[in-house]
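Right, one structure below, let's go through it.
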Amino acid sequence: MQPLLELKGLTKYFPVTGGFIFKRQVGNVHAVDGVDLKVGEGETVGLVGESGCGKSTLGRLAARLYEPTFGKVLYRGQDISTASRRELKPIRPEIQMIFQDPYSSLNPRQTVGAIISGPMEINGINPPGGHEKRVRELLETVGLNPEHYNRFPHEFSGGQRQRIGIARALALNPKLIIADEPVSALDVSIQAQVINLLQELQRDLGIAFLFIAHDLAVVRHFSQRVAVMYLGKVVEVGDRESIYLRPRHPYTHALLSAVPEATVEDEPRQRIRLAGDVPSPINPPTGCRFRTRCWKAQERCAEEAPPLIQLAGNREGHLTACHFPEAPTTSGEDVVLDPALA
Amino acid sequence: MTIPSETTAEPATVTASADSGGAPVGRSPGQLMWRRFRRDPTGMASAVIVLFFILVAIGAPLISMLYGKDPYTQYGQERPDLLNEFGYPLGANGGISSEFWFGIEPGLGRDVFMQLVYGIRTSLLIALVATIATTLIGIVIGIVAGYVGGRTDYFIGRVIDVLLSFPSTLFIIAFMPVLENLMVKPDEETPVWLRAASLIIFLTVFGWAALARLLRGNVLSLREREFVEAAKVTGASPARIVFKELLPNLWTPILIQSTLLLPALVTSEAALSFLGVGMIEPTPDWGRMFLRGTEVYTDDITYLMFPGIALLIFVIAFNLLGDSVRDAFDPKIRR
């Protein structure tokens, strides 16, 4: 079956310029470097990774807010990676975005009504009963009072603002919503409400989600499939159970071991403490990107970039990019690389 | 679908409409600004003064009719009881009387009150036209530089650098006579419109750069905001993004800048007239009155006082108004 959204070798370099008076390009930030990812119809795909690993850039590439340096974005098999605004016009309504910061994602000078009906105006959609009726319906759908139609964003709390952002994304009946850390700016209690709202919308309306987050618990709760990114590359991708219970990539192990536990389990989980920082994306390491912080790295890792393949013993669709994968379990011997924490 | 609503839990955010009673209608940032402004006594007082000056300027012919004099007639020449043999007013305090409220001009013997009233017209009109032109050019170039970016931004940035570092007053003083030589034949009189137009053009050319730079910075920060991306994702055209998303957020700096620019231009116009490159006889003008006043101040200080005090009150009131507008827009700034 044809996936709804397919990213093929997607790459985005941001130029770095330097020099006095005469600016010249001195390098590139390898924000996203050859990512392959598929999102099926009505599927929720989570995208996790630490700050600065290119998650948000990938989301914006998929929404075609950025034009990729190399690679393709296929929507229903149609290449939209270099499409102009006019060519994108029929596709725009189907891919919508929910943004991270509810304070900067709503225009402070527009009423809630104008914000939510804006997308319909732009795309010439005239729902039965007019824009206002549709906006009131949408406000109700996202759990806000329809009477708030004439209010301004500054009159709402963070969680309410995020609901307005969700209503705006829903206004065009999208098939795919790219949610760029939609709850990371909210209080934990509000996070749960917004996540539940998104989940209900996903179930009721059959919208596919590309859910970007750095909170592993949130992604686990929300996503059917999960992709783990490190420094511009997808290092491991698979269904939720495979990633959370049988991870193979050392980085996935390290990430999962960092999730705080609410309960004391019988079997203590593996603890992994990495040392150092993420290398600079301007000059990423050769071969495997993770080798500079990996406890299993060998010479081969520096010479040869590991391909994203299905390893022996992995489930269908569970792909890992590692020469020396870990055992498919979350328990094991502790690895402490940071001398300060040893 | 049962979703726990936060709205019921947070009545604090719903206070705005509590007093109006009817359906909740939100207050726009503009309305909030107006409410804050009305509560600021300094702002309201200066607004009243500024409004008074503007009304005087508009109603100058009416005042002239009621007062029974005009700014051109040389009353001192026609009536021997007003000026002495040296051309100075006979009456005390520059000839102030119930007939000539602010006295009479030494030499030509024109009415000072009428000159002052018509002088507001000249100064305010030139400053107003220059302010509007400056603001329009500043908005367009500032938004273009900020939104388009890249080479365009770099080029515009260097032009602004040059203009801001240019000695504009010196340039106008030096260039005005040259311009007049080019435009006016030696045996003709310099037309008033030429002086007015060239003043407006010069003030505009040297004025837009500051506003353009300010707006460029604002646009640079605004266009990275996620609501602009949200508009792009829904397929908004660049024109819609500029007019519907960016411009409404720029009215605050634009309004503040232009309310502060207008008094500055009134002063500039007066200064240039004082230096002899502004308005010329017989057009009534505050700067020109200054010039004449400095020539006669040893014998008739009153003539220098009126345009001085009028300009002082006007500029202070307008600047305070600009400050109040800024405070009303941005309540975080407290003096």
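A note on labels: chains of the structure tokens are A, B, ... as shown, every chain counts residues from 1, and ligands are counted from 1 in their shown order.
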Contacts of range 87-91 of chain B at 8 Å or less, counting only C-alpha atoms, minus same-chain residues fewer than 2 places along, as a PDB file with N, CA and C atoms, in the first residue's frame?
```
ATOM      1  N   ASP B  81       0.270 105.554  14.150  1.00  0.00           N
ATOM      2  CA  ASP B  81       0.278 105.520  15.609  1.00  0.00           C
ATOM      3  C   ASP B  81       0.807 104.206  16.174  1.00  0.00           C
ATOM      4  N   LEU B  82       1.260 103.297  15.300  1.00  0.00           N
ATOM      5  CA  LEU B  82       1.689 101.987  15.791  1.00  0.00           C
ATOM      6  C   LEU B  82       3.199 101.851  15.913  1.00  0.00           C
ATOM      7  N   LEU B  83       3.939 102.340  14.960  1.00  0.00           N
ATOM      8  CA  LEU B  83       5.393 102.189  14.971  1.00  0.00           C
ATOM      9  C   LEU B  83       6.069 103.549  15.107  1.00  0.00           C
ATOM     10  N   ASN B  84       7.228 103.580  15.793  1.00  0.00           N
ATOM     11  CA  ASN B  84       7.966 104.833  15.891  1.00  0.00           C
ATOM     12  C   ASN B  84       8.840 105.034  14.654  1.00  0.00           C
ATOM     13  N   GLU B  85       9.663 106.062  14.670  1.00  0.00           N
ATOM     14  CA  GLU B  85      10.429 106.388  13.460  1.00  0.00           C
ATOM     15  C   GLU B  85      11.491 105.346  13.118  1.00  0.00           C
ATOM     16  N   ASN B  93       5.497  96.406  25.546  1.00  0.00           N
ATOM     17  CA  ASN B  93       5.564  94.972  25.255  1.00  0.00           C
ATOM     18  C   ASN B  93       5.313  94.661  23.783  1.00  0.00           C
ATOM     19  N   GLY B  94       6.023  95.327  22.919  1.00  0.00           N
ATOM     20  CA  GLY B  94       5.904  95.027  21.487  1.00  0.00           C
ATOM     21  C   GLY B  94       4.573  95.433  20.909  1.00  0.00           C
ATOM     22  N   GLY B  95       3.911  96.365  21.550  1.00  0.00           N
ATOM     23  CA  GLY B  95       2.669  96.893  20.993  1.00  0.00           C
ATOM     24  C   GLY B  95       1.461  96.023  21.269  1.00  0.00           C
ATOM     25  N   ILE B  96       1.500  95.266  22.395  1.00  0.00           N
ATOM     26  CA  ILE B  96       0.350  94.437  22.728  1.00  0.00           C
ATOM     27  C   ILE B  96      -0.797  95.339  23.165  1.00  0.00           C
ATOM     28  N   SER B  97      -1.945  95.107  22.575  1.00  0.00           N
ATOM     29  CA  SER B  97      -3.112  95.904  22.944  1.00  0.00           C
ATOM     30  C   SER B  97      -4.346  95.056  22.697  1.00  0.00           C
ATOM     31  N   GLY B 103       0.802  91.853  19.860  1.00  0.00           N
ATOM     32  CA  GLY B 103       1.673  92.934  19.414  1.00  0.00           C
ATOM     33  C   GLY B 103       1.835  92.968  17.906  1.00  0.00           C
ATOM     34  N   ILE B 104       2.715  93.898  17.457  1.00  0.00           N
ATOM     35  CA  ILE B 104       2.957  94.008  16.029  1.00  0.00           C
ATOM     36  C   ILE B 104       4.433  93.809  15.724  1.00  0.00           C
ATOM     37  N   GLU B 105       4.654  93.333  14.494  1.00  0.00           N
ATOM     38  CA  GLU B 105       6.015  93.011  14.067  1.00  0.00           C
ATOM     39  C   GLU B 105       6.808  94.302  13.878  1.00  0.00           C
ATOM     40  N   PRO B 106       8.030  94.396  14.406  1.00  0.00           N
ATOM     41  CA  PRO B 106       8.862  95.579  14.151  1.00  0.00           C
ATOM     42  C   PRO B 106       9.176  95.686  12.660  1.00  0.00           C
ATOM     43  N   GLY B 107       9.275  96.865  12.153  1.00  0.00           N
ATOM     44  CA  GLY B 107       9.617  97.064  10.744  1.00  0.00           C
ATOM     45  C   GLY B 107       8.397  97.089   9.861  1.00  0.00           C
ATOM     46  N   LEU B 108       7.918  95.895   9.486  1.00  0.00           N
ATOM     47  CA  LEU B 108       6.805  95.843   8.552  1.00  0.00           C
ATOM     48  C   LEU B 108       5.457  96.111   9.213  1.00  0.00           C
ATOM     49  N   GLY B 109       5.380  95.875  10.499  1.00  0.00           N
ATOM     50  CA  GLY B 109       4.166  96.201  11.232  1.00  0.00           C
ATOM     51  C   GLY B 109       3.012  95.252  11.005  1.00  0.00           C
ATOM     52  N   ASP B 299      15.849  95.369  21.070  1.00  0.00           N
ATOM     53  CA  ASP B 299      14.887  96.453  21.233  1.00  0.00           C
ATOM     54  C   ASP B 299      13.465  95.964  21.466  1.00  0.00           C
ATOM     55  N   ASP B 300      13.159  94.730  20.977  1.00  0.00           N
ATOM     56  CA  ASP B 300      11.783  94.244  21.087  1.00  0.00           C
ATOM     57  C   ASP B 300      11.800  92.746  21.346  1.00  0.00           C
TER      58      ASP B 300
END
```
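Non-sequential neighbours of Gly278 in chain B (distance at most 10 Å, separation of 5 or more positions within a chain, only C-alpha atoms) are B:Ile172, B:Ile173, B:Met176, B:Val192, B:Arg195, B:Ala196, B:Ser198, B:Leu199, B:Ser268, B:Glu269, B:Ala270, B:Ala271, B:Leu272, B:Ser273, B:Asp285, B:Gly287, B:Arg288.
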Could you write out the selected residues, including C-alpha atoms, as a PDB file, in the first residue's frame?
```
ATOM      1  CA  ILE B 172      20.153  71.105   2.853  1.00  0.00           C
ATOM      2  CA  ILE B 173      21.746  74.484   3.684  1.00  0.00           C
ATOM      3  CA  MET B 176      18.926  74.705  -1.363  1.00  0.00           C
ATOM      4  CA  VAL B 192       6.580  79.304  -2.217  1.00  0.00           C
ATOM      5  CA  ARG B 195      10.506  75.899  -1.114  1.00  0.00           C
ATOM      6  CA  ALA B 196       7.738  73.857   0.502  1.00  0.00           C
ATOM      7  CA  SER B 198      11.929  70.852  -1.584  1.00  0.00           C
ATOM      8  CA  LEU B 199      11.705  71.027   2.212  1.00  0.00           C
ATOM      9  CA  SER B 268      13.585  70.882  11.712  1.00  0.00           C
ATOM     10  CA  GLU B 269      11.380  72.957   9.458  1.00  0.00           C
ATOM     11  CA  ALA B 270      11.571  75.903  11.848  1.00  0.00           C
ATOM     12  CA  ALA B 271      15.333  75.501  12.124  1.00  0.00           C
ATOM     13  CA  LEU B 272      15.782  75.469   8.362  1.00  0.00           C
ATOM     14  CA  SER B 273      13.570  78.525   7.955  1.00  0.00           C
ATOM     15  CA  ASP B 285       6.328  80.709   9.456  1.00  0.00           C
ATOM     16  CA  GLY B 287      11.217  79.664  11.974  1.00  0.00           C
ATOM     17  CA  ARG B 288      11.209  82.828   9.945  1.00  0.00           C
TER      18      ARG B 288
END
```
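For the pair CA of Ala57 in chain B and CA of Ser123 in chain B, the interatomic distance is 9.4 Å.
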Within 9 Å of chain B, which residues of chain A show up when using only C-alpha atoms, listed as a PyMOL selection string?
-> chain A and resi 63-65+85-86+88-89+92-93+95-111+118-120+122-123+141-145+147-152+154-157+159-160+165+168-169+172+190+193+196-197+200
Write out as number ranges by chain all residues of range 93-265 of chain A that backbone DSSP assigns to alpha helix (DSSP H).
-> A: 112-122, 130-141, 158-170, 188-205, 216-222, 240-245, 250-257
Tell me, as number ranges by chain, which residues lie within 12 Å of Asp330 in chain B, counting only C-alpha atoms; anything in the same chain fewer than 5 positions away does not count.
-> B: 29-30, 32-34, 36-37, 252-253, 256, 323-325, 335
File dump, residues just selected, C-alpha atoms, as a CSV table (one decimal), in the first residue's frame:
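Saved the output as part-v9.csv:
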```csv
chain,number,residue,atom,x,y,z
B,29,PRO,CA,-4.5,45.0,21.9
B,30,GLY,CA,-5.6,48.3,20.2
B,32,LEU,CA,-6.5,47.8,25.5
B,33,MET,CA,-4.0,50.5,24.5
B,34,TRP,CA,-6.8,53.0,24.2
B,36,ARG,CA,-4.6,52.5,29.1
B,37,PHE,CA,-4.1,55.8,27.3
B,252,THR,CA,2.6,50.0,17.4
B,253,PRO,CA,6.2,51.0,16.4
B,256,ILE,CA,5.0,55.6,18.1
B,323,ASP,CA,5.7,58.9,25.1
B,324,SER,CA,2.3,58.3,26.4
B,325,VAL,CA,1.3,56.4,23.3
B,335,ARG,CA,9.1,55.7,33.6
```
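Separating CA of Met279 in chain B from CA of Pro191 in chain B is a distance of 10.0 Å.
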Residues within 10 Å of range 296-306 of chain A, only C-alpha atoms, excluding chain neighbours under 4 positions, as JSON, numbers by chain | {"A": [235, 250, 285, 286, 287, 288, 289, 290, 291, 292, 320, 321, 322, 323, 324, 325, 326]}
Kindly export the residues of the current selection with C-alpha atoms, as a PDB file, in the first residue's frame.
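New file part15.pdb:
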```pdb
ATOM      1  CA  VAL A 235      19.242   5.587  13.882  1.00  0.00           C
ATOM      2  CA  PRO A 250      22.976   1.815  21.625  1.00  0.00           C
ATOM      3  CA  PRO A 285      31.740  12.586  12.798  1.00  0.00           C
ATOM      4  CA  THR A 286      32.577  10.279   9.922  1.00  0.00           C
ATOM      5  CA  GLY A 287      30.888   6.932   9.654  1.00  0.00           C
ATOM      6  CA  CYS A 288      28.396   6.393  12.428  1.00  0.00           C
ATOM      7  CA  ARG A 289      27.337   9.718  13.946  1.00  0.00           C
ATOM      8  CA  PHE A 290      27.005   8.218  17.392  1.00  0.00           C
ATOM      9  CA  ARG A 291      30.465   6.636  17.552  1.00  0.00           C
ATOM     10  CA  THR A 292      32.028   9.519  19.524  1.00  0.00           C
ATOM     11  CA  THR A 320      18.433  -0.238  13.024  1.00  0.00           C
ATOM     12  CA  ALA A 321      21.523   1.592  11.812  1.00  0.00           C
ATOM     13  CA  CYS A 322      24.328  -0.018  13.814  1.00  0.00           C
ATOM     14  CA  HIS A 323      27.319  -2.279  13.143  1.00  0.00           C
ATOM     15  CA  PHE A 324      27.375  -3.668  16.669  1.00  0.00           C
ATOM     16  CA  PRO A 325      23.792  -3.656  17.942  1.00  0.00           C
ATOM     17  CA  GLU A 326      22.875  -4.287  21.542  1.00  0.00           C
TER      18      GLU A 326
END
```
Identify, on the basis of only C-alpha atoms, every residue whose closest approach to range 63-68 of chain B does not exceed 7 Å; exclude the query and any residue fewer than 3 positions from it along the same chain; express the result as a PDB file with C-alpha atoms, in the first residue's frame.
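Final file, out-v2.pdb:
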```pdb
ATOM      1  CA  GLY B  59      -9.422  77.076  11.621  1.00  0.00           C
ATOM      2  CA  ALA B  60      -6.884  79.818  10.834  1.00  0.00           C
ATOM      3  CA  MET B 114      -2.150  86.257  12.909  1.00  0.00           C
TER       4      MET B 114
END
```
Ile141 in chain B: which residues within 8 Å, counting only C-alpha atoms, same-chain residues fewer than 3 positions away excluded, as a ChimeraX atom specification?
-> /B:137-138,144-145,156,212
Using DSSP on the backbone, list every residue of range 30-167 of chain A that comes out as strand (DSSP E), and give them as a compact mmCIF listing (two decimals) with N, CA and C atoms, in the first residue's frame.
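And here is the file that came out, states-v4.txt:
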```txt
# COMPACT_ATOMS: atom_id res chain seq x y z
N HIS A 30 24.53 20.40 9.08
CA HIS A 30 23.86 19.21 8.55
C HIS A 30 22.68 18.91 9.47
N ALA A 31 21.60 19.67 9.27
CA ALA A 31 20.47 19.56 10.19
C ALA A 31 19.76 18.22 10.02
N VAL A 32 19.49 17.86 8.79
CA VAL A 32 18.87 16.58 8.48
C VAL A 32 19.72 15.97 7.37
N ASP A 33 20.12 14.73 7.54
CA ASP A 33 21.09 14.17 6.61
C ASP A 33 20.66 12.79 6.13
N GLY A 34 19.91 12.76 5.07
CA GLY A 34 19.53 11.48 4.46
C GLY A 34 18.56 10.68 5.31
N VAL A 35 17.37 11.20 5.50
CA VAL A 35 16.39 10.51 6.32
C VAL A 35 15.34 9.83 5.42
N ASP A 36 15.09 8.56 5.70
CA ASP A 36 14.01 7.83 5.04
C ASP A 36 12.95 7.53 6.09
N LEU A 37 11.72 7.89 5.77
CA LEU A 37 10.65 7.65 6.74
C LEU A 37 9.33 7.57 5.99
N LYS A 38 8.45 6.71 6.49
CA LYS A 38 7.14 6.61 5.88
C LYS A 38 6.07 6.84 6.93
N VAL A 39 5.01 7.51 6.53
CA VAL A 39 3.85 7.66 7.40
C VAL A 39 2.65 7.15 6.61
N THR A 44 0.11 6.98 13.33
CA THR A 44 0.81 7.97 14.13
C THR A 44 2.26 7.53 14.26
N VAL A 45 3.14 8.37 13.78
CA VAL A 45 4.57 8.08 13.85
C VAL A 45 5.20 9.09 14.80
N GLY A 46 5.89 8.57 15.81
CA GLY A 46 6.57 9.45 16.74
C GLY A 46 8.01 9.64 16.30
N LEU A 47 8.51 10.85 16.53
CA LEU A 47 9.89 11.14 16.16
C LEU A 47 10.57 11.68 17.42
N VAL A 48 11.54 10.92 17.93
CA VAL A 48 12.19 11.36 19.16
C VAL A 48 13.69 11.57 18.93
N PHE A 70 18.72 17.99 -0.57
CA PHE A 70 18.63 16.80 -1.42
C PHE A 70 17.45 15.98 -0.94
N GLY A 71 17.11 14.98 -1.74
CA GLY A 71 16.10 14.04 -1.31
C GLY A 71 14.70 14.46 -1.72
N LYS A 72 13.76 13.61 -1.39
CA LYS A 72 12.40 13.81 -1.88
C LYS A 72 11.38 13.74 -0.75
N VAL A 73 10.34 14.53 -0.90
CA VAL A 73 9.16 14.40 -0.05
C VAL A 73 8.03 13.94 -0.97
N LEU A 74 7.53 12.75 -0.73
CA LEU A 74 6.44 12.25 -1.57
C LEU A 74 5.16 12.26 -0.77
N TYR A 75 4.13 12.91 -1.30
CA TYR A 75 2.82 12.87 -0.68
C TYR A 75 1.89 12.12 -1.60
N GLN A 78 3.31 11.65 -4.92
CA GLN A 78 3.63 12.83 -5.72
C GLN A 78 4.80 13.58 -5.08
N ASP A 79 5.80 13.87 -5.88
CA ASP A 79 6.99 14.54 -5.35
C ASP A 79 6.68 16.02 -5.13
N ILE A 95 -1.95 18.70 4.54
CA ILE A 95 -0.86 18.60 5.52
C ILE A 95 -0.90 19.85 6.39
N GLN A 96 -1.18 19.69 7.64
CA GLN A 96 -1.21 20.84 8.54
C GLN A 96 -0.22 20.63 9.68
N MET A 97 0.01 21.68 10.41
CA MET A 97 1.02 21.61 11.46
C MET A 97 0.49 22.15 12.78
N ILE A 98 0.93 21.57 13.87
CA ILE A 98 0.68 22.12 15.20
C ILE A 98 2.05 22.50 15.75
```
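Distances from A:Leu170, A:Met229, A:Leu274, A:Ile164 to Ala254 in chain A were compared using only C-alpha atoms, and the smallest one belongs to A:Leu274.
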